[in-house]
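Participant: Sharing work08.cif below, mmCIF, C-alpha atoms:
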```cif
data_final
#
loop_
_atom_site.label_atom_id
_atom_site.label_comp_id
_atom_site.auth_asym_id
_atom_site.auth_seq_id
_atom_site.Cartn_x
_atom_site.Cartn_y
_atom_site.Cartn_z
CA MET A 28 -118.76 -68.44 -40.56
CA ILE A 29 -119.54 -71.68 -42.39
CA LEU A 30 -116.48 -71.38 -44.69
CA GLU A 31 -114.24 -71.73 -41.65
CA TYR A 32 -115.02 -75.46 -41.62
CA ALA A 33 -112.75 -77.64 -43.79
CA PHE A 34 -115.55 -80.07 -44.66
CA PHE A 35 -117.65 -77.26 -46.13
CA ARG A 36 -114.74 -75.91 -48.16
CA ASN A 37 -114.12 -79.43 -49.49
CA ALA A 38 -117.80 -79.66 -50.41
CA LEU A 39 -117.62 -76.41 -52.39
CA ILE A 40 -114.43 -77.46 -54.19
CA GLY A 41 -115.95 -80.84 -54.95
CA SER A 42 -119.07 -79.16 -56.33
CA LEU A 43 -116.97 -77.00 -58.65
CA LEU A 44 -114.93 -79.94 -59.97
CA ALA A 45 -118.01 -82.13 -60.40
CA SER A 46 -119.80 -79.33 -62.26
CA VAL A 47 -116.92 -79.07 -64.74
CA ALA A 48 -116.84 -82.79 -65.53
CA CYS A 49 -120.63 -83.16 -65.60
CA ALA A 50 -121.04 -80.12 -67.87
CA PHE A 51 -118.99 -81.74 -70.65
CA ILE A 52 -120.25 -85.31 -70.25
CA GLY A 53 -123.83 -84.33 -69.50
CA THR A 54 -124.09 -82.17 -72.62
CA TYR A 55 -122.91 -85.09 -74.74
CA ILE A 56 -125.34 -87.48 -73.02
CA VAL A 57 -128.33 -85.19 -73.45
CA SER A 58 -127.43 -84.48 -77.09
CA ARG A 59 -127.11 -88.20 -77.85
CA ARG A 60 -130.21 -89.01 -75.80
CA LEU A 61 -128.24 -91.43 -73.65
CA VAL A 62 -129.69 -90.43 -70.29
CA PHE A 63 -131.06 -93.93 -69.66
CA ILE A 64 -127.61 -95.37 -70.33
CA SER A 65 -126.09 -93.08 -67.71
CA GLY A 66 -128.68 -94.35 -65.24
CA GLY A 67 -127.74 -97.93 -66.03
CA ILE A 68 -124.03 -97.23 -65.60
CA THR A 69 -124.70 -95.44 -62.32
CA HIS A 70 -126.52 -98.37 -60.78
CA ALA A 71 -124.12 -100.91 -62.29
CA SER A 72 -121.27 -99.24 -60.39
CA PHE A 73 -122.76 -100.58 -57.14
CA GLY A 74 -121.41 -103.97 -58.15
CA GLY A 75 -117.88 -102.57 -58.06
CA ILE A 76 -118.53 -101.10 -54.62
CA GLY A 77 -119.63 -104.48 -53.29
CA LEU A 78 -116.58 -106.20 -54.81
CA GLY A 79 -114.27 -103.54 -53.40
CA VAL A 80 -115.68 -103.94 -49.89
CA PHE A 81 -115.47 -107.76 -50.08
CA PHE A 82 -111.87 -107.89 -51.35
CA GLY A 83 -110.63 -104.99 -49.24
CA LEU A 84 -110.09 -102.62 -52.17
CA ASN A 85 -110.94 -98.95 -52.49
CA PRO A 86 -114.71 -99.07 -53.24
CA ILE A 87 -114.61 -96.00 -55.48
CA LEU A 88 -111.77 -97.32 -57.64
CA SER A 89 -113.35 -100.77 -57.94
CA ALA A 90 -116.68 -99.11 -58.76
CA MET A 91 -114.98 -97.09 -61.49
CA ALA A 92 -113.46 -100.22 -63.04
CA PHE A 93 -116.80 -102.05 -62.88
CA ALA A 94 -118.67 -99.06 -64.30
CA VAL A 95 -116.25 -98.63 -67.22
CA ALA A 96 -116.52 -102.35 -68.01
CA SER A 97 -120.32 -102.16 -67.84
CA ALA A 98 -120.42 -99.07 -70.07
CA CYS A 99 -118.24 -100.73 -72.68
CA GLY A 100 -120.34 -103.88 -72.35
CA VAL A 101 -123.54 -101.96 -73.08
CA GLN A 102 -121.91 -100.30 -76.07
CA TRP A 103 -120.58 -103.62 -77.40
CA MET A 104 -123.88 -105.49 -77.00
CA SER A 105 -126.00 -102.75 -78.57
CA ALA A 106 -123.50 -102.12 -81.40
CA ARG A 107 -123.65 -105.77 -82.49
CA GLY A 108 -127.36 -105.35 -83.09
CA ARG A 109 -128.33 -108.67 -81.52
CA VAL A 110 -129.50 -107.05 -78.29
CA ARG A 111 -131.56 -103.89 -78.04
CA GLU A 112 -129.87 -101.03 -76.23
CA ASP A 113 -132.48 -100.77 -73.48
CA SER A 114 -132.22 -104.53 -72.87
CA ALA A 115 -128.42 -104.35 -72.61
CA ILE A 116 -128.74 -101.48 -70.12
CA ALA A 117 -131.21 -103.48 -68.03
CA VAL A 118 -128.83 -106.46 -67.95
CA PHE A 119 -125.86 -104.49 -66.60
CA TRP A 120 -128.07 -102.31 -64.35
CA THR A 121 -129.52 -105.32 -62.51
CA LEU A 122 -126.24 -107.26 -62.64
CA GLY A 123 -124.37 -104.47 -60.89
CA MET A 124 -126.98 -104.00 -58.19
CA SER A 125 -127.23 -107.75 -57.51
CA VAL A 126 -123.44 -108.21 -57.35
CA GLY A 127 -123.12 -105.25 -54.99
CA ILE A 128 -125.80 -106.57 -52.64
CA ILE A 129 -124.47 -110.15 -52.65
CA PHE A 130 -120.84 -109.27 -51.95
CA GLY A 131 -121.86 -106.59 -49.46
CA PHE A 132 -123.70 -109.18 -47.37
CA MET A 133 -120.91 -111.75 -47.82
CA THR A 134 -118.26 -109.40 -46.45
CA PRO A 135 -117.09 -110.71 -43.06
CA GLY A 136 -116.71 -108.45 -40.03
CA PHE A 137 -117.47 -104.74 -40.16
CA VAL A 138 -119.15 -103.61 -43.36
CA PRO A 139 -118.98 -99.91 -44.32
CA ASP A 140 -122.27 -98.08 -44.63
CA LEU A 141 -123.20 -98.92 -48.22
CA SER A 142 -126.17 -96.55 -48.07
CA SER A 143 -123.71 -93.63 -48.14
CA TYR A 144 -122.81 -94.68 -51.70
CA LEU A 145 -126.49 -94.88 -52.61
CA PHE A 146 -127.45 -91.42 -51.35
CA GLY A 147 -124.09 -89.62 -51.13
CA SER A 148 -122.56 -87.45 -48.44
CA ILE A 149 -120.94 -84.37 -49.95
CA LEU A 150 -119.96 -83.02 -46.53
CA ALA A 151 -117.89 -86.17 -45.90
CA ILE A 152 -115.67 -85.97 -48.98
CA GLY A 153 -111.96 -85.74 -48.28
CA PRO A 154 -108.74 -84.87 -50.13
CA ALA A 155 -108.66 -88.22 -51.94
CA ASP A 156 -112.14 -87.64 -53.34
CA LEU A 157 -111.16 -84.14 -54.46
CA TRP A 158 -108.05 -85.42 -56.22
CA LEU A 159 -110.13 -88.03 -58.04
CA LEU A 160 -112.65 -85.39 -59.11
CA ALA A 161 -109.84 -83.10 -60.25
CA ALA A 162 -108.21 -85.88 -62.27
CA VAL A 163 -111.49 -86.84 -63.98
CA ALA A 164 -112.36 -83.19 -64.68
CA ALA A 165 -108.89 -82.63 -66.17
CA VAL A 166 -109.09 -85.72 -68.40
CA VAL A 167 -112.57 -84.81 -69.64
CA THR A 168 -111.52 -81.22 -70.35
CA VAL A 169 -108.44 -82.31 -72.30
CA VAL A 170 -110.42 -84.84 -74.35
CA PHE A 171 -113.02 -82.25 -75.33
CA ALA A 172 -110.30 -79.69 -76.09
CA LEU A 173 -108.57 -82.10 -78.46
CA LEU A 174 -111.59 -83.88 -79.96
CA GLY A 175 -114.34 -81.32 -79.47
CA ARG A 176 -115.46 -80.99 -83.11
CA THR A 177 -115.46 -84.74 -83.65
CA ILE A 178 -117.45 -85.32 -80.46
CA VAL A 179 -120.03 -82.69 -81.45
CA CYS A 180 -120.41 -84.19 -84.92
CA ILE A 181 -120.92 -87.69 -83.51
CA ALA A 182 -123.27 -86.39 -80.81
CA PHE A 183 -125.69 -84.89 -83.32
CA ASP A 184 -125.37 -87.22 -86.32
CA PRO A 185 -123.25 -90.37 -85.94
CA VAL A 186 -124.36 -91.65 -89.36
CA PHE A 187 -123.06 -88.52 -91.09
CA ALA A 188 -119.89 -88.74 -88.98
CA ARG A 189 -119.27 -92.26 -90.32
CA SER A 190 -119.66 -90.98 -93.88
CA LEU A 191 -116.86 -88.51 -93.10
CA ARG A 192 -114.70 -91.47 -91.99
CA LEU A 193 -114.51 -90.20 -88.42
CA PRO A 194 -113.58 -92.77 -85.73
CA VAL A 195 -117.16 -93.03 -84.47
CA THR A 196 -116.79 -96.40 -82.75
CA ALA A 197 -113.62 -95.41 -80.91
CA ILE A 198 -115.14 -92.10 -79.79
CA GLU A 199 -118.31 -93.81 -78.60
CA TYR A 200 -116.32 -96.24 -76.45
CA LEU A 201 -114.17 -93.38 -75.16
CA MET A 202 -117.23 -91.31 -74.22
CA MET A 203 -118.87 -94.27 -72.52
CA ALA A 204 -115.73 -94.79 -70.44
CA LEU A 205 -115.55 -91.09 -69.54
CA THR A 206 -119.23 -91.14 -68.64
CA ALA A 207 -118.63 -94.04 -66.26
CA MET A 208 -115.61 -92.31 -64.70
CA THR A 209 -117.54 -89.07 -64.24
CA ILE A 210 -120.50 -90.83 -62.65
CA VAL A 211 -118.37 -92.77 -60.17
CA SER A 212 -116.32 -89.71 -59.23
CA THR A 213 -119.54 -87.93 -58.16
CA LEU A 214 -120.93 -90.79 -56.06
CA ARG A 215 -119.57 -89.31 -52.84
CA LEU A 216 -121.42 -86.09 -53.60
CA VAL A 217 -124.94 -87.21 -54.45
CA GLY A 218 -124.86 -91.01 -54.49
CA ILE A 219 -125.90 -93.67 -56.99
CA VAL A 220 -129.59 -92.87 -56.75
CA LEU A 221 -129.19 -89.19 -57.66
CA ALA A 222 -125.98 -89.03 -59.75
CA MET A 223 -127.88 -89.08 -63.05
CA SER A 224 -129.47 -85.71 -62.20
CA LEU A 225 -126.10 -83.93 -62.16
CA LEU A 226 -125.65 -85.02 -65.78
CA THR A 227 -129.05 -83.87 -66.99
CA VAL A 228 -130.72 -81.08 -64.98
CA PRO A 229 -128.02 -78.39 -65.52
CA GLN A 230 -128.04 -79.22 -69.24
CA LEU A 231 -131.83 -79.02 -69.41
CA THR A 232 -131.69 -75.63 -67.69
CA ALA A 233 -129.00 -74.41 -70.07
CA GLY A 234 -131.15 -75.61 -72.97
CA LEU A 235 -133.74 -73.00 -72.00
CA PHE A 236 -131.29 -70.27 -73.01
CA THR A 237 -129.22 -71.68 -75.86
CA TYR A 238 -129.03 -74.41 -78.49
CA SER A 239 -125.27 -74.14 -78.95
CA PHE A 240 -123.26 -77.16 -77.77
CA ARG A 241 -120.39 -75.03 -76.43
CA ARG A 242 -122.65 -72.51 -74.73
CA THR A 243 -124.62 -75.34 -73.18
CA ILE A 244 -121.41 -76.66 -71.63
CA GLY A 245 -120.55 -73.25 -70.18
CA LEU A 246 -124.03 -72.59 -68.82
CA SER A 247 -124.20 -76.13 -67.43
CA MET A 248 -121.06 -75.46 -65.41
CA ALA A 249 -122.55 -72.26 -64.02
CA PHE A 250 -125.88 -73.85 -63.18
CA GLY A 251 -124.16 -76.90 -61.70
CA VAL A 252 -122.14 -74.78 -59.29
CA ALA A 253 -125.19 -72.65 -58.44
CA TYR A 254 -127.31 -75.73 -57.76
CA CYS A 255 -124.66 -77.29 -55.53
CA VAL A 256 -124.18 -74.10 -53.50
CA ALA A 257 -127.92 -73.55 -53.13
CA GLY A 258 -128.46 -77.19 -52.21
CA LEU A 259 -125.71 -77.06 -49.59
CA ALA A 260 -127.29 -73.93 -48.09
CA VAL A 261 -130.70 -75.62 -47.90
CA SER A 262 -129.09 -78.72 -46.40
CA TYR A 263 -127.34 -76.60 -43.75
CA TRP A 264 -130.46 -74.63 -42.82
CA LEU A 265 -132.88 -77.55 -42.74
CA ASN A 266 -130.40 -80.21 -41.52
CA VAL A 267 -131.31 -82.63 -44.32
CA PRO A 268 -129.09 -84.80 -46.60
CA SER A 269 -127.04 -82.58 -48.88
CA GLY A 270 -127.19 -84.77 -52.00
CA ALA A 271 -130.97 -84.85 -52.04
CA SER A 272 -131.09 -81.10 -51.32
CA ILE A 273 -128.88 -80.32 -54.32
CA ILE A 274 -131.01 -82.33 -56.72
CA PHE A 275 -134.30 -81.06 -55.27
CA VAL A 276 -133.20 -77.44 -55.54
CA SER A 277 -131.91 -77.94 -59.08
CA ILE A 278 -135.21 -79.41 -60.27
CA VAL A 279 -137.25 -76.69 -58.55
CA ILE A 280 -135.15 -73.95 -60.15
CA TYR A 281 -135.35 -75.63 -63.56
CA ALA A 282 -139.13 -75.96 -63.29
CA ALA A 283 -139.44 -72.30 -62.24
CA LEU A 284 -137.27 -71.05 -65.11
CA ARG A 285 -139.15 -73.20 -67.59
CA ALA A 286 -142.48 -71.85 -66.32
CA ILE A 287 -141.21 -68.26 -66.59
CA LYS A 288 -140.02 -68.85 -70.15
CA SER A 289 -143.36 -70.39 -71.07
CA LEU A 290 -145.26 -67.42 -69.63
CA LYS A 291 -143.00 -64.98 -71.47
CA SER A 292 -143.59 -66.72 -74.78
CA LYS A 293 -147.36 -66.57 -74.23
CA PHE A 294 -147.26 -62.84 -73.45
CA ILE A 295 -145.14 -62.18 -76.53
CA LYS A 296 -147.65 -63.98 -78.74
CA VAL A 297 -150.48 -61.96 -77.22
#
```
In structure tokens, write the structure found in this file.
Facilitator:
Amino acid sequence: MILEYAFFRNALIGSLLASVACAFIGTYIVSRRLVFISGGITHASFGGIGLGVFFGLNPILSAMAFAVASACGVQWMSARGRVREDSAIAVFWTLGMSVGIIFGFMTPGFVPDLSSYLFGSILAIGPADLWLLAAVAAVVTVVFALLGRTIVCIAFDPVFARSLRLPVTAIEYLMMALTAMTIVSTLRLVGIVLAMSLLTVPQLTAGLFTYSFRRTIGLSMAFGVAYCVAGLAVSYWLNVPSGASIIFVSIVIYAALRAIKSLKSKFIKV
């Protein structure tokens, strides 16, 4: 039986932990319409991977530090109003990718397979990756438990939140940092190229059934786990990369559910 293998059990545990963290952060991102920012942070993290490989550091930890710095940099540049948000994202997006490529090629001797960070390898995650995912999921859960109402208010109307004297700026920086941490912690699962989908597709699917922020988080967790399990099954049966399988399956299921809902609404009108 497939569950007898430790690597597959690790993949399932990693999927569960990633689904928890991505459900919270992804719901905030989709509500704030910050999906493009998450893409920029994801690709900027490659700079940290290149630096980590060059200096002999843990690539994931260096990527997390670089991603958090990039996220805060985007927030700082766009908040000052002198640089448009999309331009700031483009700057850090391309900076991270260029730094990663340069330092990756400058690394003497044996260079780890950097493509594994681009496309992910969920079946290769180990205990260290699971502990990192667990730590990020725990931090995100605690933050939302303590600041949930404030985060929801800022997510839907930051201008109104400022009128209530809520710490909008501090929360925005905090959420950008948590977004960067969540993205980097999932790189081993689906990679830089596909990480953004884990933060958006489950939320889009949940949005077909509810408009509630809290319910969206819960449904996103459920759909995230379901997508990961289904993607792993497809990957096992077809012998194809697991990260791509997870995202492909999630988008196919979302498209099918959306089509079904659209057909139902048409029949009801008739």
Participant: Got a sec: who's within 10 Å of Pro154 of chain A, counting all atoms listed in the file, leaving out chain neighbours fewer than 6 positions off, as number ranges by chain?
Facilitator: A: 34, 37, 41, 160
Participant: Mind telling me what the PyMOL selection byres ((chain A and resi 247-263) around 8) catches here, as a VMD selection string?
Facilitator: chain A and resid 39 42 to 43 46 to 47 49 to 50 54 225 229 to 230 232 to 233 243 to 246 264 to 270 272 to 277
Participant: In Å to one decimal, how far is atom CA of Phe82 of chain A from atom CA of Ala94 of chain A?
Facilitator: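 Interatomic distance, atom CA of Ala94 of chain A to atom CA of Phe82 of chain A: 17.1 Å.
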Participant: Mind listing whatever residues come within 10 Å of the point (-111.1, -84.4, -49.1)? Use all atoms listed in the file, file coordinates, and give them as JSON, numbers by chain.
Facilitator: {"A": [33, 34, 36, 37, 38, 40, 41, 149, 150, 151, 152, 153, 154, 155, 156, 157, 158, 159]}
Participant: Identify, on the basis of all atoms listed in the file, every residue whose closest approach to Tyr200 of chain A does not exceed 9 Å; exclude the query and any residue fewer than 6 positions from it along the same chain; express the result as a PDB file with C-alpha atoms, keeping the file's coordinate frame.
Facilitator:
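Output saved as result.pdb:
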```pdb
ATOM      1  CA  ALA A  98    -120.420 -99.070 -70.070  1.00  0.00           C
ATOM      2  CA  CYS A  99    -118.240-100.730 -72.680  1.00  0.00           C
ATOM      3  CA  GLN A 102    -121.910-100.300 -76.070  1.00  0.00           C
ATOM      4  CA  TRP A 103    -120.580-103.620 -77.400  1.00  0.00           C
TER       5      TRP A 103
END
```
Participant: For the interface of segment 201-279 of chain A with segment 168-191 of chain A (cut-off 10 Å, counting all atoms listed in the file), please tabulate each contacting residue of segment 201-279 of chain A alongside its nearest pair of atoms and their separation in Å to one decimal, rows sorted by chain and increasing number, as JSON lines.
Facilitator:
```
{"residue": "A:Leu201", "atom": "CA", "partner": "A:Val170", "partner_atom": "CA", "distance": 9.4}
{"residue": "A:Met202", "atom": "CA", "partner": "A:Ile178", "partner_atom": "CA", "distance": 8.7}
{"residue": "A:Leu205", "atom": "CA", "partner": "A:Val170", "partner_atom": "CA", "distance": 9.4}
{"residue": "A:Phe240", "atom": "CA", "partner": "A:Val179", "partner_atom": "CA", "distance": 7.4}
{"residue": "A:Arg241", "atom": "CA", "partner": "A:Val179", "partner_atom": "CA", "distance": 9.2}
```
Participant: Just give me the gap between atom CA of Thr196 of chain A and atom CA of Thr237 of chain A in Å, one decimal is fine.
Facilitator: 28.5 Å
Participant: Using all atoms listed in the file, which of A:Val211, A:Ala283, A:Ile64, A:Ala161 sits nearest Glu112 of chain A?
Facilitator: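 Looking only at the distances to Glu112 of chain A, the closest residue turns out to be A:Ile64.
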Participant: Using the chain letters and numbers from this file, what does the PyMOL selection byres ((chain A and resi 121) around 12) select? Give the answer as a list in words.
Facilitator: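 In the shown coordinates, the PyMOL selection byres ((chain A and resi 121) around 12) covers Gly66, Gly67, Ile68, Thr69, His70, Ala71, Ser72, Phe73, Gly74, Ser97, Ser114, Ala115, Ile116, Ala117, Val118, Phe119, Trp120, Leu122, Gly123, Met124, Ser125, Val126, Gly127 and Ile128 of chain A.
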Participant: Provide the atom CA of Gly218 of chain A to atom CA of Tyr55 of chain A distance in Å, to one decimal place.
Facilitator: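 A separation of 21.2 Å between them.
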Participant: Could you tell me which residues the PyMOL selection byres ((chain A and resi 79) around 12) grabs in this file, written as a ChimeraX atom specification?
Facilitator: /A:72-78,80-93,126-128,130-131,133-134,138-139,141
Participant: Fix up segment 119-130 of chain A with all heavy atoms, then write it as a PDB file, in the frame of the given file.
Facilitator:
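Output contents, as saved in rebuild_2.pdb:
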```
ATOM      1  N   PHE A 119    -126.983-104.956 -67.418  1.00  0.00           N
ATOM      2  CA  PHE A 119    -125.860-104.490 -66.600  1.00  0.00           C
ATOM      3  C   PHE A 119    -126.354-103.724 -65.367  1.00  0.00           C
ATOM      4  O   PHE A 119    -125.701-103.747 -64.321  1.00  0.00           O
ATOM      5  CB  PHE A 119    -124.929-103.619 -67.439  1.00  0.00           C
ATOM      6  CG  PHE A 119    -124.069-104.404 -68.374  1.00  0.00           C
ATOM      7  CD1 PHE A 119    -124.445-104.606 -69.700  1.00  0.00           C
ATOM      8  CD2 PHE A 119    -122.888-104.976 -67.933  1.00  0.00           C
ATOM      9  CE1 PHE A 119    -123.658-105.348 -70.559  1.00  0.00           C
ATOM     10  CE2 PHE A 119    -122.090-105.726 -68.789  1.00  0.00           C
ATOM     11  CZ  PHE A 119    -122.476-105.909 -70.116  1.00  0.00           C
ATOM     12  N   TRP A 120    -127.475-103.021 -65.503  1.00  0.00           N
ATOM     13  CA  TRP A 120    -128.070-102.310 -64.350  1.00  0.00           C
ATOM     14  C   TRP A 120    -128.359-103.298 -63.220  1.00  0.00           C
ATOM     15  O   TRP A 120    -127.919-103.129 -62.079  1.00  0.00           O
ATOM     16  CB  TRP A 120    -129.350-101.630 -64.824  1.00  0.00           C
ATOM     17  CG  TRP A 120    -130.076-100.783 -63.818  1.00  0.00           C
ATOM     18  CD1 TRP A 120    -130.281-101.058 -62.498  1.00  0.00           C
ATOM     19  CD2 TRP A 120    -130.707 -99.522 -64.068  1.00  0.00           C
ATOM     20  NE1 TRP A 120    -131.012-100.061 -61.913  1.00  0.00           N
ATOM     21  CE2 TRP A 120    -131.286 -99.107 -62.846  1.00  0.00           C
ATOM     22  CE3 TRP A 120    -130.866 -98.732 -65.196  1.00  0.00           C
ATOM     23  CZ2 TRP A 120    -132.005 -97.913 -62.740  1.00  0.00           C
ATOM     24  CZ3 TRP A 120    -131.567 -97.544 -65.082  1.00  0.00           C
ATOM     25  CH2 TRP A 120    -132.125 -97.140 -63.880  1.00  0.00           C
ATOM     26  N   THR A 121    -129.126-104.344 -63.533  1.00  0.00           N
ATOM     27  CA  THR A 121    -129.520-105.320 -62.510  1.00  0.00           C
ATOM     28  C   THR A 121    -128.342-106.191 -62.080  1.00  0.00           C
ATOM     29  O   THR A 121    -128.264-106.592 -60.911  1.00  0.00           O
ATOM     30  CB  THR A 121    -130.658-106.195 -63.043  1.00  0.00           C
ATOM     31  OG1 THR A 121    -130.272-106.764 -64.315  1.00  0.00           O
ATOM     32  CG2 THR A 121    -131.923-105.379 -63.243  1.00  0.00           C
ATOM     33  N   LEU A 122    -127.424-106.486 -63.002  1.00  0.00           N
ATOM     34  CA  LEU A 122    -126.240-107.260 -62.640  1.00  0.00           C
ATOM     35  C   LEU A 122    -125.419-106.526 -61.594  1.00  0.00           C
ATOM     36  O   LEU A 122    -125.010-107.102 -60.574  1.00  0.00           O
ATOM     37  CB  LEU A 122    -125.386-107.538 -63.879  1.00  0.00           C
ATOM     38  CG  LEU A 122    -124.027-108.202 -63.611  1.00  0.00           C
ATOM     39  CD1 LEU A 122    -124.211-109.609 -63.056  1.00  0.00           C
ATOM     40  CD2 LEU A 122    -123.186-108.234 -64.888  1.00  0.00           C
ATOM     41  N   GLY A 123    -125.167-105.241 -61.833  1.00  0.00           N
ATOM     42  CA  GLY A 123    -124.370-104.470 -60.890  1.00  0.00           C
ATOM     43  C   GLY A 123    -125.006-104.380 -59.520  1.00  0.00           C
ATOM     44  O   GLY A 123    -124.326-104.569 -58.488  1.00  0.00           O
ATOM     45  N   MET A 124    -126.297-104.111 -59.475  1.00  0.00           N
ATOM     46  CA  MET A 124    -126.980-104.000 -58.190  1.00  0.00           C
ATOM     47  C   MET A 124    -126.969-105.333 -57.445  1.00  0.00           C
ATOM     48  O   MET A 124    -126.730-105.382 -56.226  1.00  0.00           O
ATOM     49  CB  MET A 124    -128.418-103.533 -58.405  1.00  0.00           C
ATOM     50  CG  MET A 124    -128.533-102.105 -58.924  1.00  0.00           C
ATOM     51  SD  MET A 124    -127.838-100.863 -57.802  1.00  0.00           S
ATOM     52  CE  MET A 124    -128.955-101.002 -56.397  1.00  0.00           C
ATOM     53  N   SER A 125    -127.201-106.443 -58.162  1.00  0.00           N
ATOM     54  CA  SER A 125    -127.230-107.750 -57.510  1.00  0.00           C
ATOM     55  C   SER A 125    -125.852-108.143 -56.994  1.00  0.00           C
ATOM     56  O   SER A 125    -125.718-108.663 -55.874  1.00  0.00           O
ATOM     57  CB  SER A 125    -127.764-108.812 -58.473  1.00  0.00           C
ATOM     58  OG  SER A 125    -126.940-108.910 -59.629  1.00  0.00           O
ATOM     59  N   VAL A 126    -124.802-107.902 -57.787  1.00  0.00           N
ATOM     60  CA  VAL A 126    -123.440-108.210 -57.350  1.00  0.00           C
ATOM     61  C   VAL A 126    -123.065-107.388 -56.119  1.00  0.00           C
ATOM     62  O   VAL A 126    -122.469-107.898 -55.159  1.00  0.00           O
ATOM     63  CB  VAL A 126    -122.439-107.949 -58.501  1.00  0.00           C
ATOM     64  CG1 VAL A 126    -121.001-108.002 -57.985  1.00  0.00           C
ATOM     65  CG2 VAL A 126    -122.629-108.966 -59.616  1.00  0.00           C
ATOM     66  N   GLY A 127    -123.424-106.110 -56.133  1.00  0.00           N
ATOM     67  CA  GLY A 127    -123.120-105.250 -54.990  1.00  0.00           C
ATOM     68  C   GLY A 127    -123.802-105.729 -53.719  1.00  0.00           C
ATOM     69  O   GLY A 127    -123.186-105.766 -52.645  1.00  0.00           O
ATOM     70  N   ILE A 128    -125.074-106.113 -53.820  1.00  0.00           N
ATOM     71  CA  ILE A 128    -125.800-106.570 -52.640  1.00  0.00           C
ATOM     72  C   ILE A 128    -125.245-107.892 -52.130  1.00  0.00           C
ATOM     73  O   ILE A 128    -125.029-108.079 -50.922  1.00  0.00           O
ATOM     74  CB  ILE A 128    -127.303-106.716 -52.977  1.00  0.00           C
ATOM     75  CG1 ILE A 128    -127.913-105.334 -53.266  1.00  0.00           C
ATOM     76  CG2 ILE A 128    -128.050-107.394 -51.832  1.00  0.00           C
ATOM     77  CD1 ILE A 128    -129.313-105.387 -53.825  1.00  0.00           C
ATOM     78  N   ILE A 129    -124.972-108.824 -53.053  1.00  0.00           N
ATOM     79  CA  ILE A 129    -124.470-110.150 -52.650  1.00  0.00           C
ATOM     80  C   ILE A 129    -123.126-110.041 -51.944  1.00  0.00           C
ATOM     81  O   ILE A 129    -122.941-110.577 -50.841  1.00  0.00           O
ATOM     82  CB  ILE A 129    -124.367-111.077 -53.880  1.00  0.00           C
ATOM     83  CG1 ILE A 129    -125.763-111.442 -54.386  1.00  0.00           C
ATOM     84  CG2 ILE A 129    -123.577-112.343 -53.537  1.00  0.00           C
ATOM     85  CD1 ILE A 129    -125.755-112.179 -55.711  1.00  0.00           C
ATOM     86  N   PHE A 130    -122.177-109.354 -52.549  1.00  0.00           N
ATOM     87  CA  PHE A 130    -120.840-109.270 -51.950  1.00  0.00           C
ATOM     88  C   PHE A 130    -120.836-108.367 -50.722  1.00  0.00           C
ATOM     89  O   PHE A 130    -120.011-108.545 -49.821  1.00  0.00           O
ATOM     90  CB  PHE A 130    -119.832-108.780 -52.986  1.00  0.00           C
ATOM     91  CG  PHE A 130    -119.362-109.855 -53.915  1.00  0.00           C
ATOM     92  CD1 PHE A 130    -120.008-110.093 -55.114  1.00  0.00           C
ATOM     93  CD2 PHE A 130    -118.278-110.644 -53.578  1.00  0.00           C
ATOM     94  CE1 PHE A 130    -119.582-111.098 -55.971  1.00  0.00           C
ATOM     95  CE2 PHE A 130    -117.836-111.656 -54.422  1.00  0.00           C
ATOM     96  CZ  PHE A 130    -118.499-111.886 -55.622  1.00  0.00           C
TER      97      PHE A 130
END
```
